[in-house]
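Asks: input.pdb is reproduced below (PDB, C-alpha atoms).
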```
MODEL        1
ATOM      1  CA  MET A1466       0.000   0.000   0.000
ATOM      2  CA  PHE A1467       1.438   3.311  -1.073
ATOM      3  CA  LEU A1468       0.536   6.623   0.474
ATOM      4  CA  THR A1469       0.650   9.714  -1.695
ATOM      5  CA  ARG A1470       1.016  13.223  -0.377
ATOM      6  CA  ARG A1471      -0.834  16.017  -2.073
ATOM      7  CA  ARG A1472       0.807  19.387  -2.048
ATOM      8  CA  ALA A1473      -1.448  22.100  -0.696
ATOM      9  CA  ARG A1474      -1.941  24.960  -3.103
ATOM     10  CA  PHE A1475      -1.899  28.470  -1.760
ATOM     11  CA  PRO A1476      -2.260  31.754  -3.607
ATOM     12  CA  ALA A1477       1.245  32.987  -4.301
ATOM     13  CA  TRP A1478       2.676  36.289  -5.413
ATOM     14  CA  ARG A1479       3.426  35.975  -9.093
ATOM     15  CA  PRO A1480       6.283  37.820 -10.770
ATOM     16  CA  THR A1481       3.869  39.483 -13.184
ATOM     17  CA  ARG A1482       2.057  41.296 -10.363
ATOM     18  CA  PHE A1483       4.985  43.552  -9.432
ATOM     19  CA  PRO A1484       5.150  45.306 -12.850
ATOM     20  CA  ALA A1485       1.384  45.844 -12.681
ATOM     21  CA  TRP A1486       1.725  47.368  -9.196
ATOM     22  CA  ARG A1487       4.685  49.491 -10.309
ATOM     23  CA  ARG A1488       2.793  50.960 -13.266
ATOM     24  CA  THR A1489       0.015  52.308 -11.012
ATOM     25  CA  ARG A1490       2.301  54.697  -9.100
ATOM     26  CA  PRO A1491       5.425  56.862  -9.678
ATOM     27  CA  PHE A1492       7.745  54.016  -8.705
ATOM     28  CA  TRP A1493      11.004  55.308 -10.167
ATOM     29  CA  ALA A1494      10.406  58.792  -8.756
ATOM     30  CA  GLY A1495       9.981  57.260  -5.304
ATOM     31  CA  ALA A1496      13.104  55.151  -5.795
ATOM     32  CA  LEU A1497      15.172  58.246  -6.662
ATOM     33  CA  LEU A1498      13.887  60.059  -3.573
ATOM     34  CA  VAL A1499      14.720  57.100  -1.326
ATOM     35  CA  LEU A1500      18.237  56.954  -2.791
ATOM     36  CA  ALA A1501      18.636  60.730  -2.412
ATOM     37  CA  GLY A1502      17.558  60.644   1.236
ATOM     38  CA  ALA A1503      19.791  57.675   2.015
ATOM     39  CA  GLU A1504      22.780  59.340   0.358
ATOM     40  CA  ILE A1505      22.305  62.668   2.135
ATOM     41  CA  ALA A1506      21.774  60.988   5.517
ATOM     42  CA  ALA A1507      24.615  58.481   5.103
ATOM     43  CA  VAL A1508      27.385  60.981   4.403
ATOM     44  CA  PRO A1509      27.475  62.576   7.903
ATOM     45  CA  LEU A1510      26.963  59.263   9.737
ATOM     46  CA  ALA A1511      29.741  59.055  12.263
ATOM     47  CA  PRO A1512      30.279  58.605  16.017
ATOM     48  CA  VAL A1513      28.248  60.933  18.205
ATOM     49  CA  SER A1514      31.266  63.062  19.044
ATOM     50  CA  VAL A1515      31.987  63.703  15.352
ATOM     51  CA  LEU A1516      28.300  64.331  14.587
ATOM     52  CA  VAL A1517      28.104  66.911  17.368
ATOM     53  CA  GLY A1518      31.226  68.528  16.013
ATOM     54  CA  LEU A1519      29.599  68.937  12.614
ATOM     55  CA  GLY A1520      26.891  71.033  14.252
ATOM     56  CA  LEU A1521      23.716  72.017  12.434
ATOM     57  CA  GLY A1522      24.928  70.641   9.110
ATOM     58  CA  GLY A1523      25.091  67.055  10.350
ATOM     59  CA  ILE A1524      21.745  67.170  12.145
ATOM     60  CA  ALA A1525      20.036  68.870   9.182
ATOM     61  CA  ALA A1526      21.422  66.196   6.849
ATOM     62  CA  LEU A1527      19.774  63.471   8.926
ATOM     63  CA  GLY A1528      16.467  65.368   9.004
ATOM     64  CA  ILE A1529      16.370  66.146   5.278
ATOM     65  CA  GLY A1530      17.486  62.624   4.403
ATOM     66  CA  ALA A1531      14.680  61.116   6.499
ATOM     67  CA  ALA A1532      12.159  63.518   4.940
ATOM     68  CA  LEU A1533      13.220  62.542   1.386
ATOM     69  CA  VAL A1534      12.979  58.840   2.216
ATOM     70  CA  ALA A1535       9.500  59.500   3.626
ATOM     71  CA  ALA A1536       8.580  61.356   0.429
ATOM     72  CA  GLY A1537       9.664  58.369  -1.669
ATOM     73  CA  LEU A1538       7.536  56.007   0.428
ATOM     74  CA  PHE A1539       4.579  58.363   0.066
ATOM     75  CA  LEU A1540       4.926  58.171  -3.741
ATOM     76  CA  TRP A1541       4.957  54.373  -3.555
ATOM     77  CA  PHE A1542       2.047  53.775  -1.199
ATOM     78  CA  LEU A1543       0.010  57.001  -1.504
ATOM     79  CA  PRO A1544       0.399  58.034  -5.162
ATOM     80  CA  HIS A1545      -2.525  60.490  -4.995
ATOM     81  CA  THR A1546      -0.306  62.837  -2.940
ATOM     82  CA  ARG A1547       2.304  63.030  -5.720
ATOM     83  CA  HIS A1548       1.859  66.752  -6.500
ATOM     84  CA  TYR A1549       2.337  68.011  -2.952
ATOM     85  CA  VAL A1550       5.056  65.483  -2.106
ATOM     86  CA  GLY A1551       6.987  66.113  -5.331
ATOM     87  CA  MET A1552       6.905  69.877  -4.850
ATOM     88  CA  HIS A1553       8.214  69.654  -1.276
ATOM     89  CA  ALA A1554      10.846  67.074  -2.248
ATOM     90  CA  VAL A1555      12.312  69.513  -4.785
ATOM     91  CA  ILE A1556      12.320  72.297  -2.165
ATOM     92  CA  LEU A1557      14.050  70.062   0.404
ATOM     93  CA  SER A1558      16.625  68.919  -2.177
ATOM     94  CA  VAL A1559      17.549  72.501  -3.082
ATOM     95  CA  LEU A1560      17.622  73.420   0.629
ATOM     96  CA  SER A1561      20.044  70.581   1.335
ATOM     97  CA  PHE A1562      22.734  72.349  -0.713
ATOM     98  CA  ALA A1563      22.832  75.228   1.790
ATOM     99  CA  VAL A1564      22.195  73.541   5.149
ATOM    100  CA  THR A1565      24.015  70.208   4.653
ATOM    101  CA  ASN A1566      27.284  69.091   3.113
ATOM    102  CA  LEU A1567      26.519  70.554  -0.359
ATOM    103  CA  GLY A1568      23.475  68.349  -0.717
ATOM    104  CA  GLY A1569      25.397  65.127  -0.171
ATOM    105  CA  PHE A1570      28.190  66.377  -2.464
ATOM    106  CA  PHE A1571      25.648  67.226  -5.210
ATOM    107  CA  ALA A1572      24.587  63.587  -5.720
ATOM    108  CA  GLY A1573      21.743  63.554  -3.204
ATOM    109  CA  MET A1574      20.525  66.992  -4.267
ATOM    110  CA  LEU A1575      20.387  66.056  -7.966
ATOM    111  CA  LEU A1576      18.652  62.737  -7.240
ATOM    112  CA  GLY A1577      16.092  64.505  -5.043
ATOM    113  CA  ILE A1578      15.345  67.178  -7.655
ATOM    114  CA  ALA A1579      14.927  64.540 -10.376
ATOM    115  CA  GLY A1580      12.733  62.326  -8.199
ATOM    116  CA  GLY A1581      10.521  65.198  -7.041
ATOM    117  CA  ALA A1582      10.046  66.504 -10.590
ATOM    118  CA  MET A1583       9.216  63.020 -11.892
ATOM    119  CA  GLY A1584       6.718  62.458  -9.077
ATOM    120  CA  PHE A1585       5.006  65.808  -9.694
ATOM    121  CA  ALA A1586       4.727  65.181 -13.450
ATOM    122  CA  TRP A1587       3.626  61.534 -13.239
ATOM    123  CA  THR A1588       0.149  60.753 -14.630
ATOM    124  CA  PRO A1589      -1.666  57.489 -13.839
ATOM    125  CA  GLU A1590      -2.556  55.159 -16.680
ATOM    126  CA  ARG A1591      -6.087  54.032 -17.313
ATOM    127  CA  PRO A1592      -6.597  50.472 -16.080
ATOM    128  CA  ARG A1593      -7.073  47.881 -18.802
ATOM    129  CA  GLU A1594      -9.925  45.462 -18.539
ATOM    130  CA  GLU A1595      -8.589  41.923 -18.479
ATOM    131  CA  PRO A1596     -10.627  38.727 -18.568
ATOM    132  CA  PRO A1597     -10.852  36.916 -15.224
ATOM    133  CA  GLU A1598      -8.204  34.297 -14.654
ATOM    134  CA  GLN A1599      -9.439  30.743 -15.161
ATOM    135  CA  PRO A1600      -8.314  27.954 -12.819
ATOM    136  CA  SER A1601      -5.909  25.464 -14.309
ATOM    137  CA  GLN A1602      -7.885  22.512 -12.981
ATOM    138  CA  PRO A1603     -11.539  22.024 -12.072
ATOM    139  CA  GLY A1604     -12.197  23.059  -8.503
ATOM    140  CA  GLU A1605      -8.923  24.987  -8.122
ATOM    141  CA  PRO A1606      -9.410  28.415  -6.487
ATOM    142  CA  LEU A1607      -8.250  31.504  -8.287
ATOM    143  CA  GLY A1608      -4.935  32.841  -7.036
ATOM    144  CA  HIS A1609      -5.764  36.443  -6.181
ATOM    145  CA  PRO A1610      -3.961  37.620  -3.059
ATOM    146  CA  PRO A1611      -6.142  39.764  -0.807
ATOM    147  CA  GLN A1612      -5.601  43.491  -1.024
ATOM    148  CA  LYS A1613      -4.263  45.095   2.145
ATOM    149  CA  ALA A1614      -4.646  48.693   3.275
ATOM    150  CA  LEU A1615      -1.363  50.206   4.396
ATOM    151  CA  ALA A1616      -1.158  53.015   6.961
ATOM    152  CA  ILE A1617       2.171  54.750   7.393
ATOM    153  CA  GLY A1618       3.103  57.376   9.914
ATOM    154  CA  LEU A1619       5.986  59.374   8.423
ATOM    155  CA  PRO A1620       7.419  62.876   8.722
ATOM    156  CA  PHE A1621       5.546  65.039   6.237
ATOM    157  CA  VAL A1622       7.199  68.392   6.837
ATOM    158  CA  LEU A1623      10.863  69.051   7.621
ATOM    159  CA  LEU A1624      11.606  67.888  11.191
ATOM    160  CA  ALA A1625       7.828  67.531  11.911
ATOM    161  CA  ALA A1626       6.257  64.086  12.177
ATOM    162  CA  THR A1627       2.571  63.688  11.515
ATOM    163  CA  ALA A1628       0.554  60.472  11.734
ATOM    164  CA  LEU A1629      -1.512  59.777   8.630
ATOM    165  CA  PRO A1630      -4.638  57.651   9.231
ATOM    166  CA  ALA A1631      -5.138  54.540   7.173
ATOM    167  CA  PRO A1632      -6.963  55.202   3.902
ATOM    168  CA  GLY A1633     -10.592  54.242   4.123
ATOM    169  CA  PRO A1634     -13.779  54.976   2.249
ATOM    170  CA  PRO A1635     -13.937  58.656   1.288
ATOM    171  CA  PRO A1636     -16.203  60.793   3.450
ATOM    172  CA  ARG A1637     -19.448  61.954   1.948
ATOM    173  CA  ALA A1638     -21.487  65.021   2.576
ATOM    174  CA  PRO A1639     -24.492  64.741   4.898
ATOM    175  CA  GLY A1640     -27.324  62.878   3.215
ATOM    176  CA  PRO A1641     -30.225  65.342   3.524
ATOM    177  CA  VAL A1642     -28.091  68.389   2.580
ATOM    178  CA  ILE A1643     -27.902  69.160  -1.150
ATOM    179  CA  ALA A1644     -25.350  71.692  -2.331
ATOM    180  CA  PRO A1645     -26.387  74.351  -4.875
ATOM    181  CA  ARG A1646     -25.722  73.842  -8.553
ATOM    182  CA  THR A1647     -23.108  76.619  -8.554
ATOM    183  CA  PRO A1648     -20.965  76.869  -5.371
ATOM    184  CA  PRO A1649     -20.892  80.281  -3.647
ATOM    185  CA  THR A1650     -17.705  82.314  -3.817
ATOM    186  CA  VAL A1651     -15.885  82.946  -0.521
ATOM    187  CA  THR A1652     -13.032  85.411   0.028
ATOM    188  CA  THR A1653     -11.035  86.042   3.198
ATOM    189  CA  THR A1654      -7.789  87.822   3.951
ATOM    190  CA  ARG A1655      -6.632  85.146   6.422
ATOM    191  CA  PHE A1656      -7.758  81.537   6.906
ATOM    192  CA  ALA A1657      -6.265  79.952  10.048
ATOM    193  CA  PRO A1658      -7.274  76.372  11.038
ATOM    194  CA  ASP A1659      -6.926  75.272  14.652
ATOM    195  CA  GLY A1660      -4.993  72.013  15.058
ATOM    196  CA  PHE A1661      -4.178  69.496  12.364
ATOM    197  CA  THR A1662      -6.131  69.669   9.095
ATOM    198  CA  LEU A1663      -7.063  66.428   7.321
ATOM    199  CA  ALA A1664      -7.965  66.575   3.630
ATOM    200  CA  ARG A1665      -9.526  64.120   1.205
ATOM    201  CA  VAL A1666     -11.392  64.168  -2.090
ATOM    202  CA  ALA A1667     -15.048  63.088  -2.099
ATOM    203  CA  GLU A1668     -18.216  63.449  -4.151
ATOM    204  CA  VAL A1669     -20.743  66.016  -2.923
ATOM    205  CA  PRO A1670     -24.423  65.778  -3.937
ATOM    206  CA  THR A1671     -25.518  68.977  -5.663
ATOM    207  CA  ALA A1672     -28.661  70.148  -7.406
ATOM    208  CA  GLY A1673     -26.939  69.363 -10.710
ATOM    209  CA  GLY A1674     -25.662  65.899  -9.710
ATOM    210  CA  PRO A1675     -22.605  64.615  -7.788
ATOM    211  CA  ARG A1676     -19.501  66.780  -7.961
ATOM    212  CA  ARG A1677     -15.943  66.130  -6.751
ATOM    213  CA  ALA A1678     -14.784  68.374  -3.932
ATOM    214  CA  MET A1679     -11.890  68.689  -1.476
ATOM    215  CA  VAL A1680     -13.027  67.845   2.062
ATOM    216  CA  LEU A1681     -11.103  69.683   4.822
ATOM    217  CA  THR A1682     -11.696  68.525   8.402
ATOM    218  CA  MET A1683     -10.346  70.470  11.370
ATOM    219  CA  ARG A1684     -11.133  71.169  15.019
ATOM    220  CA  ALA A1685     -11.865  74.891  14.522
ATOM    221  CA  ALA A1686     -11.035  77.731  12.153
ATOM    222  CA  SER A1687     -11.082  81.524  11.990
ATOM    223  CA  LEU A1688     -11.609  83.626   8.852
ATOM    224  CA  ARG A1689     -10.797  87.330   8.811
ATOM    225  CA  ASP A1690     -12.704  89.759   6.517
ATOM    226  CA  TYR A1691     -15.074  86.982   5.462
ATOM    227  CA  ARG A1692     -17.129  87.594   2.308
ATOM    228  CA  LEU A1693     -19.608  85.138   0.736
ATOM    229  CA  ARG A1694     -21.674  85.696  -2.418
ATOM    230  CA  THR A1695     -24.081  83.235  -3.992
ATOM    231  CA  ARG A1696     -23.825  82.628  -7.739
ATOM    232  CA  ASP A1697     -26.970  80.669  -8.587
ATOM    233  CA  GLY A1698     -28.091  83.156 -11.217
ATOM    234  CA  GLY A1699     -31.560  83.741 -12.574
ATOM    235  CA  GLY A1700     -32.815  85.530  -9.448
ATOM    236  CA  ALA A1701     -31.912  87.534  -6.395
ATOM    237  CA  GLU A1702     -28.488  86.726  -4.962
ATOM    238  CA  LEU A1703     -27.257  87.149  -1.389
ATOM    239  CA  ALA A1704     -24.018  88.539   0.046
ATOM    240  CA  LEU A1705     -22.782  87.725   3.561
ATOM    241  CA  SER A1706     -19.893  89.572   5.197
ATOM    242  CA  ALA A1707     -18.241  89.529   8.627
ATOM    243  CA  ASP A1708     -15.179  91.147  10.149
ATOM    244  CA  GLU A1709     -14.228  87.761  11.624
ATOM    245  CA  LEU A1710     -15.972  84.387  11.354
ATOM    246  CA  ARG A1711     -15.191  81.677  13.914
ATOM    247  CA  LEU A1712     -16.130  78.043  13.283
ATOM    248  CA  GLY A1713     -15.849  75.388  15.991
ATOM    249  CA  GLY A1714     -16.939  71.896  16.934
ATOM    250  CA  GLN A1715     -15.477  69.626  14.227
ATOM    251  CA  VAL A1716     -15.471  71.874  11.153
ATOM    252  CA  THR A1717     -15.794  70.306   7.682
ATOM    253  CA  LEU A1718     -15.385  72.349   4.503
ATOM    254  CA  TYR A1719     -16.353  71.055   1.042
ATOM    255  CA  LEU A1720     -14.451  73.105  -1.555
ATOM    256  CA  THR A1721     -14.387  72.685  -5.326
ATOM    257  CA  ARG A1722     -11.570  75.234  -5.741
ATOM    258  CA  LEU A1723      -9.144  76.933  -3.354
ATOM    259  CA  THR A1724      -6.701  79.728  -4.201
ATOM    260  CA  GLY A1725      -4.458  81.402  -1.652
ATOM    261  CA  CYS A1726      -0.951  82.022  -0.385
ATOM    262  CA  VAL A1727       0.406  79.423   2.077
ATOM    263  CA  GLN A1728       2.084  81.204   5.010
ATOM    264  CA  GLY A1729       1.544  84.379   2.979
ATOM    265  CA  ALA A1730       4.453  83.448   0.670
ATOM    266  CA  LEU A1731       3.680  80.536  -1.692
ATOM    267  CA  CYS A1732       0.517  81.202  -3.746
ATOM    268  CA  LEU A1733      -1.175  78.080  -5.156
ATOM    269  CA  THR A1734      -4.491  76.979  -6.634
ATOM    270  CA  PHE A1735      -5.890  73.658  -5.367
ATOM    271  CA  THR A1736      -8.535  71.639  -7.236
ATOM    272  CA  PRO A1737      -9.818  68.070  -6.694
ATOM    273  CA  ASP A1738      -8.505  66.835 -10.069
ATOM    274  CA  ARG A1739      -5.206  68.679 -10.670
ATOM    275  CA  LEU A1740      -3.579  69.696  -7.353
ATOM    276  CA  PRO A1741      -5.577  68.554  -4.305
ATOM    277  CA  VAL A1742      -4.906  69.835  -0.819
ATOM    278  CA  PRO A1743      -2.233  67.735   1.005
ATOM    279  CA  PRO A1744      -3.738  64.974   3.173
ATOM    280  CA  VAL A1745      -2.293  66.407   6.418
ATOM    281  CA  ALA A1746      -1.414  70.021   7.287
ATOM    282  CA  PRO A1747       0.392  70.959  10.529
ATOM    283  CA  PRO A1748      -1.319  73.286  13.051
ATOM    284  CA  PHE A1749       0.863  76.304  12.248
ATOM    285  CA  VAL A1750      -0.090  76.458   8.538
ATOM    286  CA  PHE A1751      -2.359  79.338   7.485
ATOM    287  CA  MET A1752      -3.363  80.972   4.184
ATOM    288  CA  THR A1753      -3.813  84.602   3.130
ATOM    289  CA  ASP A1754      -5.736  86.246   0.274
ATOM    290  CA  VAL A1755      -7.991  83.211  -0.046
ATOM    291  CA  THR A1756     -10.634  82.800  -2.762
ATOM    292  CA  ALA A1757     -12.641  79.570  -2.678
ATOM    293  CA  GLU A1758     -15.707  77.925  -4.186
ATOM    294  CA  GLN A1759     -17.531  76.556  -1.145
ATOM    295  CA  ALA A1760     -20.073  73.827  -1.856
ATOM    296  CA  LEU A1761     -20.919  73.016   1.776
ATOM    297  CA  VAL A1762     -19.717  73.749   5.305
ATOM    298  CA  THR A1763     -20.652  72.023   8.574
ATOM    299  CA  SER A1764     -19.627  73.026  12.101
ATOM    300  CA  GLY A1765     -20.870  72.675  15.650
ATOM    301  CA  THR A1766     -20.727  76.398  16.504
ATOM    302  CA  ILE A1767     -20.525  79.609  14.464
ATOM    303  CA  GLY A1768     -19.516  83.009  15.842
ATOM    304  CA  ALA A1769     -19.201  86.253  13.888
ATOM    305  CA  ASP A1770     -18.211  89.877  14.491
ATOM    306  CA  GLY A1771     -19.878  92.545  12.355
ATOM    307  CA  LEU A1772     -22.173  90.130  10.499
ATOM    308  CA  VAL A1773     -24.084  91.728   7.591
ATOM    309  CA  LEU A1774     -26.537  90.032   5.199
ATOM    310  CA  ARG A1775     -27.736  91.936   2.150
ATOM    311  CA  PRO A1776     -28.899  91.293  -1.418
ATOM    312  CA  GLY A1777     -26.004  90.643  -3.693
ATOM    313  CA  ARG A1778     -27.436  91.217  -7.151
ATOM    314  CA  SER A1779     -31.038  91.283  -8.292
ATOM    315  CA  PRO A1780     -32.655  91.665 -11.709
ATOM    316  CA  ALA A1781     -32.858  95.285 -12.836
ATOM    317  CA  PRO A1782     -36.405  96.740 -12.569
ATOM    318  CA  PRO A1783     -38.136  97.748 -15.807
ATOM    319  CA  PRO A1784     -37.662 101.417 -16.738
ATOM    320  CA  ALA A1785     -40.437 103.679 -15.533
ATOM    321  CA  ALA A1786     -42.664 105.312 -18.143
ATOM    322  CA  PRO A1787     -42.030 109.056 -18.635
ATOM    323  CA  PRO A1788     -44.669 111.359 -17.124
ATOM    324  CA  PRO A1789     -47.256 112.736 -19.567
ATOM    325  CA  VAL A1790     -46.534 116.166 -20.972
ATOM    326  CA  ALA A1791     -49.397 118.651 -20.641
ATOM    327  CA  PRO A1792     -50.349 120.485 -23.867
ATOM    328  CA  PRO A1793     -49.443 124.183 -24.011
ATOM    329  CA  PRO A1794     -52.254 126.590 -23.174
ATOM    330  CA  PRO A1795     -54.010 128.148 -26.157
TER
ENDMDL
END
```
Will you turn the file into structure tokens for me?
Replies:
Amino acid sequence: MFLTRRRARFPAWRPTRFPAWRRTRPFWAGALLVLAGAEIAAVPLAPVSVLVGLGLGGIAALGIGAALVAAGLFLWFLPHTRHYVGMHAVILSVLSFAVTNLGGFFAGMLLGIAGGAMGFAWTPERPREEPPEQPSQPGEPLGHPPQKALAIGLPFVLLAATALPAPGPPPRAPGPVIAPRTPPTVTTTRFAPDGFTLARVAEVPTAGGPRRAMVLTMRAASLRDYRLRTRDGGGAELALSADELRLGGQVTLYLTRLTGCVQGALCLTFTPDRLPVPPVAPPFVFMTDVTAEQALVTSGTIGADGLVLRPGRSPAPPPAAPPPVAPPPP
């Protein structure tokens, strides 16, 4: 009597899956950033006494190197943040020339600039529809490894570590609230969130159908010289103004467009499709000269100083008929 052993079959990672995964993200841009960060951080590695002797240059090299490595990992595992990460990677690479050992003797700086530019310019490919894989034998299960959600806590700004929550289903606007067909226009001279700001892209139900919007969630926010004007058209419009508007109690803003100057210096325009707001913003970040298209806003409390509500623009009344002219006396 002979006993035969059957080999158990488990889903395995196939070599063809790595190229497919690599094509869905700026892989080579992330690889260049990881190499740049490792090169910049590895040059000043030495005993503690030598590192202390190097002073700010050695410590800054470690910080910038870690930030570039983090930027490369963000491009690999969170490719939707490529615009913001690529822009900051280029800035950090240029900054390394002045605050470190010539940017890792030029090599790390050049690799970082190339990787950041490639990540910013990368465009995802449209997925191709492939027929489902057929089992090789009757009753054999298909070998599709389960997809896993990856959450990484990495330094997002120079020498500042922020924890990024695991990606989940995108938040949606409240069910019973329907945004107008045309979002109102909001302007403010200073927009200052309180605490960390989390940002995502979601679909907002509007009177004209779902529309993509940037969702900003924060603990509280203050807006100076707040001005809001509706743009529905076809009827009377409203204008709301306040010297200062204070929002509190878990504030959520749904914006289809955001233009302003970060820290009053770097002026950018954020949209859901081209350059979305970064997923995490530190507490000290504020914006000036802000113009936004606000689809919805929710908050627990609202406080305002100098609040004024008035008609914005209404249809012009018909011209009055001229008074009758009396005939001259005979």
Asks: So how far away is CA of Pro1741 (chain A) from CA of Leu1533 (chain A), in Å?
Replies: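 For CA of Leu1533 (chain A) relative to CA of Pro1741 (chain A), the distance reads 20.5 Å.
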Asks: Between CA of Leu1693 (chain A) and CA of Thr1753 (chain A), what is the distance in Å, rounded to a tenth?
Replies: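 Interatomic distance here is 16.0 Å.
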Asks: If I take CA of Val1534 (chain A) and CA of Trp1493 (chain A), how far is one from the other in Å, to one decimal?
Replies: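 These atoms are spaced 13.0 Å apart.
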Asks: Point out the residue among A:Val1745, A:Leu1772, A:Ala1586, A:Ala1757 with the least atom-to-atom distance to Pro1649 (chain A), counting all atoms listed in the file.
Replies: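 Closest candidate: A:Ala1757.
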Asks: Given the file shown, enumerate the residues that the PyMOL selection byres ((chain A and resi 1703) around 6) captures and present them as a list of chain:residue names.
Replies: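 Written out, the selection comes to A:Arg1694, A:Thr1695, A:Glu1702, A:Ala1704, A:Arg1775, A:Pro1776, A:Gly1777.
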Asks: Apply the PyMOL selection byres ((chain A and resi 1551) around 8) to the file shown and report the selected residues as a list in words.
Replies: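 Applied to this file, the PyMOL selection byres ((chain A and resi 1551) around 8) selects Ala1536, Arg1547, His1548, Tyr1549, Val1550, Met1552, His1553, Ala1554, Val1555, Gly1580, Gly1581, Ala1582, Met1583, Gly1584 and Phe1585 of chain A.
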Asks: Go ahead and save the picked residues with C-alpha atoms, as an mmCIF file, in the frame of the given file.
Replies:
```cif
data_model
loop_
_atom_site.group_PDB
_atom_site.id
_atom_site.type_symbol
_atom_site.label_atom_id
_atom_site.label_comp_id
_atom_site.auth_asym_id
_atom_site.auth_seq_id
_atom_site.Cartn_x
_atom_site.Cartn_y
_atom_site.Cartn_z
ATOM 1 C CA ALA A 1536 8.580 61.356 0.429
ATOM 2 C CA ARG A 1547 2.304 63.030 -5.720
ATOM 3 C CA HIS A 1548 1.859 66.752 -6.500
ATOM 4 C CA TYR A 1549 2.337 68.011 -2.952
ATOM 5 C CA VAL A 1550 5.056 65.483 -2.106
ATOM 6 C CA MET A 1552 6.905 69.877 -4.850
ATOM 7 C CA HIS A 1553 8.214 69.654 -1.276
ATOM 8 C CA ALA A 1554 10.846 67.074 -2.248
ATOM 9 C CA VAL A 1555 12.312 69.513 -4.785
ATOM 10 C CA GLY A 1580 12.733 62.326 -8.199
ATOM 11 C CA GLY A 1581 10.521 65.198 -7.041
ATOM 12 C CA ALA A 1582 10.046 66.504 -10.590
ATOM 13 C CA MET A 1583 9.216 63.020 -11.892
ATOM 14 C CA GLY A 1584 6.718 62.458 -9.077
ATOM 15 C CA PHE A 1585 5.006 65.808 -9.694
#
```
Asks: Selected by the PyMOL selection byres ((chain A and resi 1669) around 9) in the shown coordinates: which residues, as a PyMOL selection string?
Replies: chain A and resi 1637-1639+1643-1644+1667-1668+1670-1671+1674-1678+1719+1760-1761
Asks: For Ser1558 (chain A), which residue among A:Ala1525, A:Val1666, A:Leu1740, A:Val1727 is the nearest when counting all atoms listed in the file?
Replies: A:Ala1525
